[in-house]
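Okay, protein04.txt now, which holds compact mmCIF, C-alpha atoms:
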```txt
# COMPACT_ATOMS: atom_id res chain seq x y z
CA MET J 179 0.44 11.56 -77.38
CA SER J 180 -2.43 13.62 -78.72
CA VAL J 181 -0.94 17.03 -77.91
CA ARG J 182 -2.32 18.51 -81.09
CA GLN J 183 -5.91 17.51 -80.43
CA SER J 184 -5.62 18.34 -76.71
CA LEU J 185 -4.47 21.90 -77.44
CA LEU J 186 -7.21 22.26 -80.02
CA ALA J 187 -9.83 21.04 -77.52
CA ILE J 188 -8.60 23.62 -75.01
CA LEU J 189 -8.76 26.36 -77.66
CA ASP J 190 -12.36 25.31 -78.27
CA GLN J 191 -13.04 26.79 -74.81
CA GLY J 192 -11.77 30.22 -75.90
CA PRO J 193 -8.71 31.98 -77.40
CA CYS J 194 -5.37 31.40 -75.61
CA TYR J 195 -1.75 32.42 -76.09
CA GLY J 196 1.07 29.89 -76.15
CA TYR J 197 2.21 29.91 -72.53
CA GLN J 198 -1.38 29.96 -71.36
CA LEU J 199 -2.05 26.79 -73.38
CA ARG J 200 0.89 25.11 -71.70
CA THR J 201 -0.54 25.92 -68.26
CA GLU J 202 -4.03 24.77 -69.27
CA PHE J 203 -2.66 21.47 -70.59
CA ASP J 204 -0.68 20.98 -67.37
CA ARG J 205 -3.55 21.55 -64.97
CA ARG J 206 -5.79 19.21 -66.93
CA THR J 207 -3.30 16.32 -66.96
CA GLY J 208 -1.86 16.52 -63.45
CA SER J 209 1.41 18.00 -64.80
CA THR J 210 2.35 14.48 -65.83
CA TRP J 211 3.57 15.27 -69.33
CA PRO J 212 4.95 18.83 -69.22
CA LEU J 213 5.22 20.47 -72.63
CA ASN J 214 7.85 23.00 -73.50
CA VAL J 215 6.81 26.29 -75.04
CA GLY J 216 8.65 25.47 -78.27
CA GLN J 217 6.52 22.37 -78.69
CA ILE J 218 3.39 24.45 -78.16
CA TYR J 219 4.34 27.02 -80.78
CA ASN J 220 5.34 24.33 -83.29
CA THR J 221 1.97 22.69 -82.81
CA LEU J 222 0.15 26.02 -83.13
CA GLU J 223 1.99 26.76 -86.38
CA ARG J 224 0.95 23.43 -87.82
CA LEU J 225 -2.64 23.90 -86.64
CA GLU J 226 -2.66 27.32 -88.32
CA ARG J 227 -1.18 25.88 -91.52
CA ASP J 228 -3.95 23.27 -91.55
CA GLY J 229 -6.64 25.93 -91.09
CA LEU J 230 -7.71 24.67 -87.66
CA VAL J 231 -6.71 27.82 -85.72
CA GLN J 232 -5.99 31.41 -86.64
CA LYS J 233 -4.09 34.26 -85.03
CA GLY J 234 -6.39 36.73 -83.29
CA ASP J 235 -5.90 39.66 -80.93
CA VAL J 236 -2.58 40.73 -79.41
CA ASP J 237 -2.69 42.07 -75.85
CA ASP J 238 -0.62 44.85 -74.26
CA GLN J 239 2.15 42.42 -73.34
CA GLY J 240 2.43 41.18 -76.89
CA HIS J 241 0.69 37.83 -76.30
CA VAL J 242 -0.79 36.52 -79.51
CA TYR J 243 -4.15 34.87 -78.90
CA TYR J 244 -4.94 31.91 -81.12
CA GLU J 245 -8.54 31.11 -81.83
CA ILE J 246 -10.13 27.96 -83.17
CA THR J 247 -11.79 27.86 -86.61
CA ASP J 248 -14.92 25.94 -87.61
CA ALA J 249 -12.71 23.25 -89.14
CA GLY J 250 -10.86 23.08 -85.81
CA ARG J 251 -14.13 22.62 -83.92
CA ALA J 252 -15.09 19.80 -86.25
CA GLU J 253 -11.71 18.12 -85.62
CA VAL J 254 -12.19 18.37 -81.83
CA ALA J 255 -15.66 16.79 -82.10
CA GLU J 256 -14.22 14.03 -84.30
CA TRP J 257 -11.37 13.38 -81.85
CA LEU J 258 -13.69 13.12 -78.83
CA ALA J 259 -16.07 10.84 -80.71
CA SER J 260 -13.50 8.33 -81.94
CA PRO J 261 -11.65 5.67 -79.92
CA VAL J 262 -7.90 5.85 -79.42
CA ARG J 263 -6.25 3.03 -81.32
CA ARG J 264 -3.24 1.58 -79.62
CA GLN J 265 -0.55 1.16 -82.21
CA ALA J 266 -0.30 -2.54 -82.89
CA GLY J 267 3.03 -1.98 -84.62
CA THR J 268 4.74 -0.69 -81.48
CA ARG J 269 7.21 -3.24 -80.16
CA ASP J 270 6.53 -4.35 -76.63
CA GLU J 271 9.97 -4.50 -75.10
CA LEU J 272 8.95 -6.73 -72.21
CA ALA J 273 6.96 -9.22 -74.32
CA ILE J 274 9.93 -9.56 -76.66
CA LYS J 275 12.35 -9.99 -73.77
CA LEU J 276 10.29 -12.75 -72.13
CA ALA J 277 9.57 -14.54 -75.40
CA ILE J 278 13.26 -14.57 -76.31
CA ALA J 279 14.36 -15.48 -72.77
CA ALA J 280 11.95 -18.45 -72.70
CA THR J 281 13.62 -19.96 -75.75
CA LEU J 282 17.23 -19.57 -74.59
CA PRO J 283 18.86 -22.73 -73.24
CA GLY J 284 20.49 -22.04 -69.88
CA VAL J 285 18.36 -18.99 -69.09
CA ASP J 286 15.93 -19.27 -66.19
CA VAL J 287 13.00 -17.20 -67.40
CA SER J 288 11.39 -17.30 -63.95
CA VAL J 289 14.22 -15.08 -62.71
CA VAL J 290 13.50 -12.61 -65.49
CA ILE J 291 9.81 -12.62 -64.52
CA HIS J 292 10.65 -12.30 -60.83
CA ASN J 293 12.84 -9.24 -61.42
CA GLN J 294 10.24 -7.60 -63.60
CA ARG J 295 7.45 -8.23 -61.10
CA LYS J 296 9.62 -6.78 -58.36
CA ALA J 297 10.01 -3.59 -60.39
CA SER J 298 6.33 -3.43 -61.38
CA LEU J 299 5.16 -3.93 -57.78
CA ALA J 300 7.58 -1.26 -56.56
CA GLN J 301 6.13 1.09 -59.16
CA LEU J 302 2.59 0.23 -58.02
CA GLN J 303 3.56 1.01 -54.43
CA GLU J 304 5.03 4.35 -55.49
CA LEU J 305 1.88 5.26 -57.41
CA ASN J 306 -0.40 4.25 -54.53
CA ARG J 307 1.68 6.26 -52.09
CA ALA J 308 1.57 9.29 -54.36
CA LYS J 309 -2.19 8.97 -54.59
CA TYR J 310 -2.62 8.38 -50.85
CA ALA J 311 -0.52 11.46 -50.07
CA GLY J 312 -2.41 13.55 -52.61
CA ALA J 313 -5.52 15.55 -51.80
CA ASP J 314 -8.94 13.94 -52.09
CA PRO J 315 -10.10 14.56 -55.64
CA GLU J 316 -12.65 17.22 -54.82
CA GLY J 317 -11.44 19.88 -57.22
CA ALA J 318 -11.24 19.48 -60.99
CA GLU J 319 -7.45 19.62 -61.11
CA GLU J 320 -6.99 16.97 -58.37
CA LEU J 321 -9.48 14.79 -60.19
CA ALA J 322 -7.59 15.16 -63.48
CA TRP J 323 -4.38 14.16 -61.71
CA THR J 324 -6.11 11.20 -60.07
CA LEU J 325 -7.36 9.98 -63.45
CA VAL J 326 -3.84 10.02 -64.82
CA VAL J 327 -2.39 8.20 -61.78
CA ASP J 328 -5.22 5.65 -61.94
CA SER J 329 -4.39 4.88 -65.55
CA MET J 330 -0.78 4.19 -64.53
CA ILE J 331 -1.89 2.04 -61.57
CA PHE J 332 -4.15 -0.11 -63.74
CA ALA J 333 -1.44 -0.46 -66.39
CA ALA J 334 1.10 -1.58 -63.78
CA GLU J 335 -1.42 -4.00 -62.28
CA ALA J 336 -2.16 -5.44 -65.72
CA GLU J 337 1.54 -6.03 -66.20
CA VAL J 338 1.80 -7.88 -62.87
CA ARG J 339 -1.22 -10.03 -63.76
CA TRP J 340 0.26 -10.81 -67.15
CA LEU J 341 3.57 -11.77 -65.50
CA ASP J 342 1.72 -14.11 -63.08
CA HIS J 343 -0.11 -15.62 -66.02
CA THR J 344 3.11 -16.06 -68.00
CA GLU J 345 4.80 -17.72 -65.06
CA GLN J 346 1.91 -20.18 -64.69
CA ARG J 347 1.84 -20.90 -68.40
CA LEU J 348 5.57 -21.58 -68.48
CA SER J 349 5.35 -23.78 -65.38
CA LEU J 350 3.11 -26.17 -67.33
CA HIS J 351 6.04 -27.05 -69.57
CA PRO J 352 9.37 -28.55 -68.60
CA GLN J 353 12.10 -26.01 -69.27
CA ARG J 354 13.68 -28.19 -71.99
CA ALA J 355 10.48 -28.25 -74.03
CA LEU J 356 10.63 -24.50 -74.57
CA GLU J 357 14.25 -24.07 -75.52
CA LEU J 358 15.27 -23.46 -79.10
CA GLU J 359 18.77 -24.31 -80.27
CA LEU J 360 20.02 -22.29 -83.20
CA SER J 361 18.31 -23.67 -86.27
CA THR J 362 20.55 -25.69 -88.63
CA GLU J 363 18.42 -24.60 -91.56
CA ARG J 364 19.93 -21.46 -92.98
CA PRO J 365 17.29 -18.91 -93.88
CA LYS J 366 17.49 -17.73 -97.49
CA ARG J 367 18.10 -14.09 -98.19
CA GLY J 368 15.60 -12.05 -100.09
CA ARG J 369 11.86 -12.35 -100.10
CA PRO J 370 10.36 -15.52 -98.72
CA SER J 371 9.18 -17.74 -101.56
CA LYS J 372 5.45 -17.63 -102.19
CA ALA J 373 3.43 -20.33 -100.52
CA ARG J 374 2.51 -23.06 -102.93
CA ALA J 375 -1.14 -23.05 -103.85
CA MET P 282 13.22 -1.64 -29.83
CA THR P 283 9.55 -1.86 -30.79
CA ALA P 284 8.04 -5.30 -30.36
CA ALA P 285 6.23 -7.01 -33.20
CA VAL P 286 2.44 -7.14 -32.82
CA LEU P 287 2.45 -10.51 -34.54
CA ARG P 288 5.27 -13.02 -34.72
CA MET P 289 5.02 -16.37 -36.49
CA VAL P 290 8.03 -18.66 -36.14
CA GLY P 291 8.50 -21.85 -38.13
CA VAL P 292 4.78 -22.29 -38.63
CA SER P 293 3.71 -25.39 -40.55
CA GLN P 294 0.26 -26.74 -41.07
CA GLN P 295 -0.48 -30.24 -42.30
CA TYR P 296 -3.86 -31.69 -43.08
CA GLY P 297 -4.23 -35.47 -42.90
CA VAL P 298 -1.61 -37.95 -41.68
CA GLY P 299 0.98 -40.32 -43.09
CA GLU P 300 1.24 -40.61 -46.83
CA LEU P 301 -1.97 -38.68 -47.34
CA ALA P 302 -0.71 -35.65 -45.42
CA VAL P 303 -0.92 -32.37 -47.30
CA SER P 304 1.20 -29.41 -46.28
CA ALA P 305 -0.77 -26.15 -46.33
CA LEU P 306 2.07 -24.14 -44.78
CA SER P 307 5.74 -25.08 -44.45
CA GLY P 308 8.07 -23.27 -42.09
CA VAL P 309 6.57 -19.81 -42.36
CA ASP P 310 8.33 -17.01 -40.47
CA LEU P 311 6.56 -13.68 -40.40
CA GLU P 312 6.73 -10.59 -38.23
CA VAL P 313 4.38 -7.63 -38.39
CA MET P 314 5.38 -4.46 -36.58
CA PRO P 315 3.10 -1.66 -35.35
CA GLY P 316 2.33 0.64 -38.27
CA GLU P 317 3.06 -2.08 -40.77
CA LEU P 318 0.74 -3.67 -43.31
CA VAL P 319 1.88 -6.90 -44.95
CA ALA P 320 0.13 -8.13 -48.08
CA VAL P 321 -0.03 -11.87 -48.65
CA MET P 322 -0.38 -12.82 -52.27
CA GLY P 323 -0.47 -16.14 -54.01
CA ALA P 324 -2.60 -18.39 -56.18
CA SER P 325 -5.66 -20.07 -54.72
CA GLY P 326 -4.62 -23.05 -52.64
CA SER P 327 -1.26 -21.50 -51.81
CA GLY P 328 -2.08 -21.31 -48.09
CA LYS P 329 -3.16 -17.67 -47.75
CA SER P 330 -6.31 -18.28 -45.75
CA THR P 331 -4.62 -20.88 -43.54
CA LEU P 332 -1.93 -18.33 -42.76
CA LEU P 333 -4.55 -15.80 -41.71
CA SER P 334 -6.49 -18.28 -39.55
CA ILE P 335 -3.32 -19.29 -37.74
CA ALA P 336 -2.17 -15.67 -37.34
CA GLY P 337 -5.48 -14.85 -35.66
CA GLY P 338 -5.51 -17.88 -33.38
CA LEU P 339 -8.56 -19.42 -35.08
CA GLN P 340 -6.46 -22.44 -35.93
CA THR P 341 -3.54 -24.06 -34.11
CA PRO P 342 -0.60 -24.90 -36.37
CA THR P 343 0.82 -28.43 -36.53
CA VAL P 344 4.27 -27.01 -35.75
CA GLY P 345 5.53 -23.57 -34.87
CA GLU P 346 4.83 -20.64 -32.62
CA VAL P 347 2.47 -17.68 -32.91
CA VAL P 348 2.94 -14.69 -30.61
CA ILE P 349 0.44 -11.83 -30.49
CA ASP P 350 1.37 -8.78 -28.41
CA GLY P 351 3.86 -10.91 -26.48
CA GLU P 352 1.35 -13.70 -25.70
CA HIS P 353 2.31 -17.18 -26.89
CA LEU P 354 -0.82 -18.73 -28.34
CA SER P 355 0.41 -22.31 -27.91
CA THR P 356 0.53 -22.01 -24.12
CA ALA P 357 -2.71 -20.07 -23.76
CA ALA P 358 -5.77 -21.87 -22.36
CA PRO P 359 -8.80 -21.96 -24.68
CA ASP P 360 -10.64 -19.19 -22.78
CA GLN P 361 -7.47 -17.05 -22.68
CA LEU P 362 -7.12 -17.58 -26.42
CA ALA P 363 -10.71 -16.50 -27.05
CA ALA P 364 -10.22 -13.41 -24.89
CA LEU P 365 -7.00 -12.54 -26.71
CA ARG P 366 -8.77 -12.88 -30.05
CA ARG P 367 -11.54 -10.55 -28.90
CA LYS P 368 -9.24 -7.95 -27.40
CA ALA P 369 -6.25 -7.95 -29.74
CA VAL P 370 -7.32 -9.27 -33.13
CA GLY P 371 -9.84 -7.92 -35.61
CA PHE P 372 -10.92 -9.84 -38.68
CA VAL P 373 -12.25 -8.29 -41.88
CA PHE P 374 -13.77 -10.70 -44.38
CA GLN P 375 -14.72 -10.38 -48.03
CA ASP P 376 -18.46 -10.67 -47.28
CA TYR P 377 -18.42 -8.32 -44.23
CA ASN P 378 -19.99 -10.92 -41.85
CA LEU P 379 -22.24 -8.39 -40.13
CA ILE P 380 -25.23 -9.60 -38.16
CA PRO P 381 -28.27 -8.32 -40.09
CA THR P 382 -30.57 -7.94 -37.07
CA LEU P 383 -28.11 -5.70 -35.22
CA THR P 384 -27.44 -2.03 -35.99
CA ALA P 385 -24.04 -0.88 -37.21
CA MET P 386 -23.26 0.28 -33.64
CA GLU P 387 -24.36 -3.04 -32.13
CA ASN P 388 -22.29 -5.00 -34.64
CA VAL P 389 -19.24 -2.92 -33.86
CA THR P 390 -19.58 -3.14 -30.08
CA LEU P 391 -20.51 -6.82 -29.86
CA PRO P 392 -16.98 -8.14 -29.16
CA MET P 393 -16.57 -5.69 -26.26
CA GLU P 394 -20.00 -6.46 -24.84
CA LEU P 395 -19.11 -10.14 -24.82
CA ASP P 396 -16.16 -9.20 -22.63
CA GLY P 397 -18.49 -7.59 -20.08
CA VAL P 398 -17.11 -4.10 -20.52
CA SER P 399 -19.38 -1.39 -19.06
CA ARG P 400 -22.11 -0.11 -21.32
CA ARG P 401 -20.84 3.47 -21.27
CA THR P 402 -17.30 2.46 -22.24
CA VAL P 403 -18.65 0.24 -24.99
CA ARG P 404 -20.81 3.03 -26.45
CA ARG P 405 -17.90 5.45 -26.41
CA ALA P 406 -15.56 2.94 -28.07
CA GLY P 407 -18.25 2.18 -30.67
CA ARG P 408 -18.71 5.86 -31.50
CA ASP P 409 -14.94 6.31 -31.77
CA ALA P 410 -14.51 3.30 -34.05
CA LEU P 411 -17.39 4.29 -36.35
CA GLY P 412 -16.07 7.86 -36.43
CA LEU P 413 -12.63 6.62 -37.49
CA VAL P 414 -14.08 4.88 -40.52
CA GLY P 415 -16.20 7.91 -41.43
CA LEU P 416 -19.56 6.47 -40.34
CA GLY P 417 -20.09 8.39 -37.11
CA ASP P 418 -23.64 9.28 -38.17
CA ARG P 419 -24.75 5.80 -39.31
CA GLY P 420 -24.60 3.92 -36.00
CA ASP P 421 -28.35 3.29 -35.95
CA ALA P 422 -28.51 1.91 -39.49
CA TYR P 423 -28.96 -1.80 -40.13
CA PRO P 424 -26.54 -3.53 -42.52
CA ASP P 425 -29.25 -3.76 -45.20
CA ASP P 426 -29.58 0.03 -45.20
CA LEU P 427 -25.88 0.46 -45.92
CA SER P 428 -23.96 0.14 -49.18
CA GLY P 429 -21.36 -2.61 -49.57
CA GLY P 430 -18.54 -0.16 -48.95
CA GLN P 431 -20.23 1.19 -45.81
CA GLN P 432 -20.82 -2.35 -44.51
CA GLN P 433 -17.18 -3.15 -45.00
CA ARG P 434 -16.24 0.02 -43.11
CA VAL P 435 -18.52 -1.10 -40.26
CA ALA P 436 -16.62 -4.42 -40.32
CA ILE P 437 -13.34 -2.49 -40.11
CA ALA P 438 -14.72 -0.47 -37.16
CA ARG P 439 -15.58 -3.78 -35.46
CA ALA P 440 -12.05 -4.99 -36.17
CA ILE P 441 -10.40 -1.97 -34.54
CA ILE P 442 -12.75 -1.26 -31.62
CA GLY P 443 -11.22 -0.88 -28.18
CA GLY P 444 -7.73 -0.33 -29.53
CA ARG P 445 -7.30 -3.76 -31.08
CA ARG P 446 -3.97 -3.67 -32.81
CA LEU P 447 -3.92 -6.57 -35.24
CA ILE P 448 -6.14 -6.34 -38.33
CA LEU P 449 -6.41 -9.51 -40.41
CA ALA P 450 -8.18 -8.83 -43.68
CA ASP P 451 -9.13 -11.61 -46.09
CA GLU P 452 -9.88 -10.17 -49.55
CA PRO P 453 -11.62 -7.15 -47.96
CA THR P 454 -12.23 -5.52 -51.34
CA GLY P 455 -13.35 -8.71 -53.11
CA ALA P 456 -17.06 -7.86 -53.14
CA LEU P 457 -16.67 -4.15 -53.87
CA ASP P 458 -16.38 -2.09 -57.03
CA SER P 459 -12.93 -0.67 -57.67
CA VAL P 460 -13.53 2.87 -56.39
CA THR P 461 -15.24 1.66 -53.19
CA GLY P 462 -12.51 -0.95 -52.77
CA GLU P 463 -9.93 1.81 -52.90
CA GLN P 464 -11.76 3.76 -50.16
CA VAL P 465 -11.78 0.64 -47.98
CA MET P 466 -8.03 0.21 -48.56
CA LYS P 467 -7.52 3.86 -47.60
CA THR P 468 -9.44 3.27 -44.38
CA ILE P 469 -7.33 0.21 -43.52
CA ARG P 470 -4.13 2.07 -44.41
CA GLY P 471 -5.20 4.95 -42.16
CA ARG P 472 -5.66 2.59 -39.18
CA ILE P 473 -2.27 1.02 -39.80
CA ASP P 474 -0.64 4.45 -39.99
CA SER P 475 -2.02 5.26 -36.55
CA GLY P 476 -0.22 2.29 -35.03
CA ALA P 477 -2.13 -0.91 -35.79
CA ALA P 478 -0.52 -3.84 -37.57
CA GLY P 479 -2.16 -5.75 -40.36
CA ILE P 480 -2.10 -8.63 -42.77
CA LEU P 481 -3.96 -8.23 -46.03
CA VAL P 482 -4.72 -11.31 -48.09
CA THR P 483 -5.46 -10.32 -51.66
CA HIS P 484 -4.94 -11.53 -55.20
CA GLU P 485 -5.07 -8.02 -56.61
CA ALA P 486 -1.68 -6.36 -56.98
CA ARG P 487 -3.34 -2.95 -57.00
CA HIS P 488 -4.56 -3.45 -53.45
CA ALA P 489 -1.47 -5.32 -52.28
CA ALA P 490 0.49 -2.23 -53.24
CA TRP P 491 -1.10 -0.40 -50.29
CA ALA P 492 1.04 -2.60 -48.04
CA ASP P 493 4.54 -1.90 -46.79
CA ARG P 494 5.64 -5.39 -47.69
CA MET P 495 4.34 -8.04 -50.03
CA VAL P 496 4.76 -11.67 -49.17
CA PHE P 497 4.21 -14.38 -51.77
CA LEU P 498 3.01 -17.80 -50.78
CA ARG P 499 3.72 -20.64 -53.11
CA ASP P 500 2.85 -24.17 -52.07
CA GLY P 501 2.74 -23.09 -48.45
CA ARG P 502 6.13 -21.41 -48.46
CA ILE P 503 6.99 -17.75 -48.40
CA VAL P 504 9.02 -17.47 -51.56
CA ASP P 505 9.79 -13.81 -51.68
CA GLU P 506 9.06 -10.66 -49.89
CA SER P 507 9.13 -6.96 -50.63
CA ARG P 508 10.52 -4.44 -48.24
CA ARG P 509 9.92 -0.75 -48.32
CA ASP P 510 13.13 0.26 -46.64
CA GLU P 511 15.65 -1.76 -48.56
CA ALA P 512 15.95 -0.08 -51.89
CA ASP P 513 17.58 -3.00 -53.65
CA ALA P 514 15.73 -5.75 -51.85
CA MET P 515 12.10 -5.24 -52.70
CA LEU P 516 11.79 -8.99 -52.92
CA VAL P 517 14.07 -11.13 -50.81
CA GLY P 518 14.15 -14.83 -51.56
CA HIS P 519 13.44 -17.13 -48.63
CA PRO P 520 14.81 -20.52 -49.61
```
For this file, write the structure as structure tokens.
Amino acid sequence: MSVRQSLLAILDQGPCYGYQLRTEFDRRTGSTWPLNVGQIYNTLERLERDGLVQKGDVDDQGHVYYEITDAGRAEVAEWLASPVRRQAGTRDELAIKLAIAATLPGVDVSVVIHNQRKASLAQLQELNRAKYAGADPEGAEELAWTLVVDSMIFAAEAEVRWLDHTEQRLSLHPQRALELELSTERPKRGRPSKARA
Amino acid sequence: MTAAVLRMVGVSQQYGVGELAVSALSGVDLEVMPGELVAVMGASGSGKSTLLSIAGGLQTPTVGEVVIDGEHLSTAAPDQLAALRRKAVGFVFQDYNLIPTLTAMENVTLPMELDGVSRRTVRRAGRDALGLVGLGDRGDAYPDDLSGGQQQRVAIARAIIGGRRLILADEPTGALDSVTGEQVMKTIRGRIDSGAAGILVTHEARHAAWADRMVFLRDGRIVDESRRDEADAMLVGHP
């Protein structure tokens, strides 16, 4: 999660102290990913080390206001201008589970899909209910919250669609055609031999 | 005990006869209570639209019983059936089906006018229905002057006018962008929450999730069902 860049972008609006940053982050993300103050100060220390923020005034209550530097402003602009890359290396637990389940003799993968869809639909219902019960997004904070809930709704819907698709794809093959017995070929240890030219 | 607004018992629909017969629905049981919205999902050709036509009395099933507000459709005479459809059932279609030469108000009040209800009562019911869908000030507009979302809300007003309690919606968000579609779903949900009953046919899980229960049709059978109140039985298999 881009906490570092988010805090920096907030500081671009004006100097803030740690707890204030936490509140600002919360109201701009529908309080969906609450940060603890320790996390905030760790991030601020690293931002200061990297020359992106600097300590400024201290108020009567001892709050230290951090302010953004020119380098920090440049980083915010860069962050907003560039796309977020989903990490391709992250393992998708569900994709792995279904792929493995489909190859296991004696396992009915449609039951696995059914159970997952049940859970995903229940989650969609929860999200819709939360949104329905919430205020109409007239204010900025309600809108921010709605954006976050929407992203979860579309992600859950995508999962359901993918499950439907997987079920259809699997139904085109007889169960036996997909199963893999344990291979009798023993894989060699060490690096795989180079492909022959 | 509250009575179901719609009850379908052992409903089957076959097209064709003998060896060429095709089953569109097989032994479907479905109850919809007041305040309940049931989403019907399934691939194309799974029987969704047939289910909706039979539920609304537009089509008579080969086998089985349909009961709307306590009236058995199979024993109703054709004119009784038509009257029941006008008074108890409201349809909402993907493409709105508004009459372009009539104003929003006239479209909404048409079913009541056909029943010979007094003009004053009709106007009042029309104003109420348009007000409930947030279009109280657009009664004089023609469908062409309204956005897609507004036209669909007019169609919903027509479906609920005069206290009709059963809303049958066939892909009501299909022609709308996602934000407008969500507003239409909110409007339908609002009507259900004030006591109507509804069936929503959709292939979009996002919209189906507005329902209290989700029913899946596969090859004309209800294969599983979600229930709001049974924590561990969101989907119950119906063999």
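Relative to atom CA of P:Asp360, atom CA of P:Met314 is found at 25.8 Å.
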Checklist entry - Which polymer residues have any atom within 12 Å of an atom of J:Gln294, counting all atoms listed in the file, with same-chain residues fewer than 2 positions away left out, as a VMD selection string? => result (chain J and resid 271 to 273 275 to 276 287 to 292 296 to 301 334 337 to 342 344 to 345) or (chain P and resid 515 to 516)
Can you list, as an mmCIF file with C-alpha atoms, in the frame of the given file, every protein, DNA or RNA residue that comes within 12 Å of stretch 341-351 of chain P when you count only C-alpha atoms, leaving out same-chain residues fewer than 6 positions away?
```
data_model
loop_
_atom_site.group_PDB
_atom_site.id
_atom_site.type_symbol
_atom_site.label_atom_id
_atom_site.label_comp_id
_atom_site.auth_asym_id
_atom_site.auth_seq_id
_atom_site.Cartn_x
_atom_site.Cartn_y
_atom_site.Cartn_z
ATOM 1 C CA THR P 283 9.550 -1.860 -30.790
ATOM 2 C CA ALA P 284 8.040 -5.300 -30.360
ATOM 3 C CA ALA P 285 6.230 -7.010 -33.200
ATOM 4 C CA VAL P 286 2.440 -7.140 -32.820
ATOM 5 C CA LEU P 287 2.450 -10.510 -34.540
ATOM 6 C CA ARG P 288 5.270 -13.020 -34.720
ATOM 7 C CA MET P 289 5.020 -16.370 -36.490
ATOM 8 C CA VAL P 290 8.030 -18.660 -36.140
ATOM 9 C CA GLY P 291 8.500 -21.850 -38.130
ATOM 10 C CA VAL P 292 4.780 -22.290 -38.630
ATOM 11 C CA SER P 293 3.710 -25.390 -40.550
ATOM 12 C CA GLN P 294 0.260 -26.740 -41.070
ATOM 13 C CA GLN P 295 -0.480 -30.240 -42.300
ATOM 14 C CA TYR P 296 -3.860 -31.690 -43.080
ATOM 15 C CA GLY P 297 -4.230 -35.470 -42.900
ATOM 16 C CA VAL P 298 -1.610 -37.950 -41.680
ATOM 17 C CA ALA P 302 -0.710 -35.650 -45.420
ATOM 18 C CA VAL P 303 -0.920 -32.370 -47.300
ATOM 19 C CA SER P 304 1.200 -29.410 -46.280
ATOM 20 C CA ALA P 305 -0.770 -26.150 -46.330
ATOM 21 C CA LEU P 306 2.070 -24.140 -44.780
ATOM 22 C CA SER P 307 5.740 -25.080 -44.450
ATOM 23 C CA GLY P 308 8.070 -23.270 -42.090
ATOM 24 C CA VAL P 309 6.570 -19.810 -42.360
ATOM 25 C CA ASP P 310 8.330 -17.010 -40.470
ATOM 26 C CA LEU P 311 6.560 -13.680 -40.400
ATOM 27 C CA GLU P 312 6.730 -10.590 -38.230
ATOM 28 C CA VAL P 313 4.380 -7.630 -38.390
ATOM 29 C CA MET P 314 5.380 -4.460 -36.580
ATOM 30 C CA PRO P 315 3.100 -1.660 -35.350
ATOM 31 C CA THR P 331 -4.620 -20.880 -43.540
ATOM 32 C CA LEU P 332 -1.930 -18.330 -42.760
ATOM 33 C CA LEU P 333 -4.550 -15.800 -41.710
ATOM 34 C CA SER P 334 -6.490 -18.280 -39.550
ATOM 35 C CA ILE P 335 -3.320 -19.290 -37.740
ATOM 36 C CA ALA P 357 -2.710 -20.070 -23.760
ATOM 37 C CA PRO P 359 -8.800 -21.960 -24.680
ATOM 38 C CA LEU P 362 -7.120 -17.580 -26.420
ATOM 39 C CA LEU P 365 -7.000 -12.540 -26.710
ATOM 40 C CA ARG P 366 -8.770 -12.880 -30.050
ATOM 41 C CA LYS P 368 -9.240 -7.950 -27.400
ATOM 42 C CA ALA P 369 -6.250 -7.950 -29.740
ATOM 43 C CA VAL P 370 -7.320 -9.270 -33.130
ATOM 44 C CA ARG P 445 -7.300 -3.760 -31.080
ATOM 45 C CA ARG P 446 -3.970 -3.670 -32.810
ATOM 46 C CA LEU P 447 -3.920 -6.570 -35.240
ATOM 47 C CA ILE P 448 -6.140 -6.340 -38.330
ATOM 48 C CA ALA P 477 -2.130 -0.910 -35.790
ATOM 49 C CA ALA P 478 -0.520 -3.840 -37.570
ATOM 50 C CA GLY P 479 -2.160 -5.750 -40.360
#
```
Item to check | Exercise: stretch 422-426 of chain P partners within 12 Å, all atoms listed in the file, chain neighbours under 6 positions left out, as a PyMOL selection string | outcome: chain P and resi 376-389+411+416+432-436
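Selected on chain P by distance to chain J: P:Ala486, P:Arg487, P:Ala490 (within 6 Å, counting all atoms listed in the file).
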Checklist outcome for this item: atom CA of J:Met330 sits from atom CA of P:Thr454 at a separation of 20.0 Å
Give me, as a CSV table (one decimal) with C-alpha atoms, in the coordinates of the input, all polymer residues having an atom no more than 8 Å from J:Leu213, counting all atoms listed in the file and skipping those fewer than 3 positions away in the same chain.
```csv
chain,number,residue,atom,x,y,z
J,200,ARG,CA,0.9,25.1,-71.7
J,204,ASP,CA,-0.7,21.0,-67.4
J,217,GLN,CA,6.5,22.4,-78.7
J,218,ILE,CA,3.4,24.4,-78.2
```
Checklist entry - Using only C-alpha atoms, which residues sit within 12 Å of J:Lys233 once same-chain residues fewer than 4 positions away are excluded, as an MDAnalysis selection string? => result chainID J and resid 189 193:196 219 222:223 225:227 229 241:247
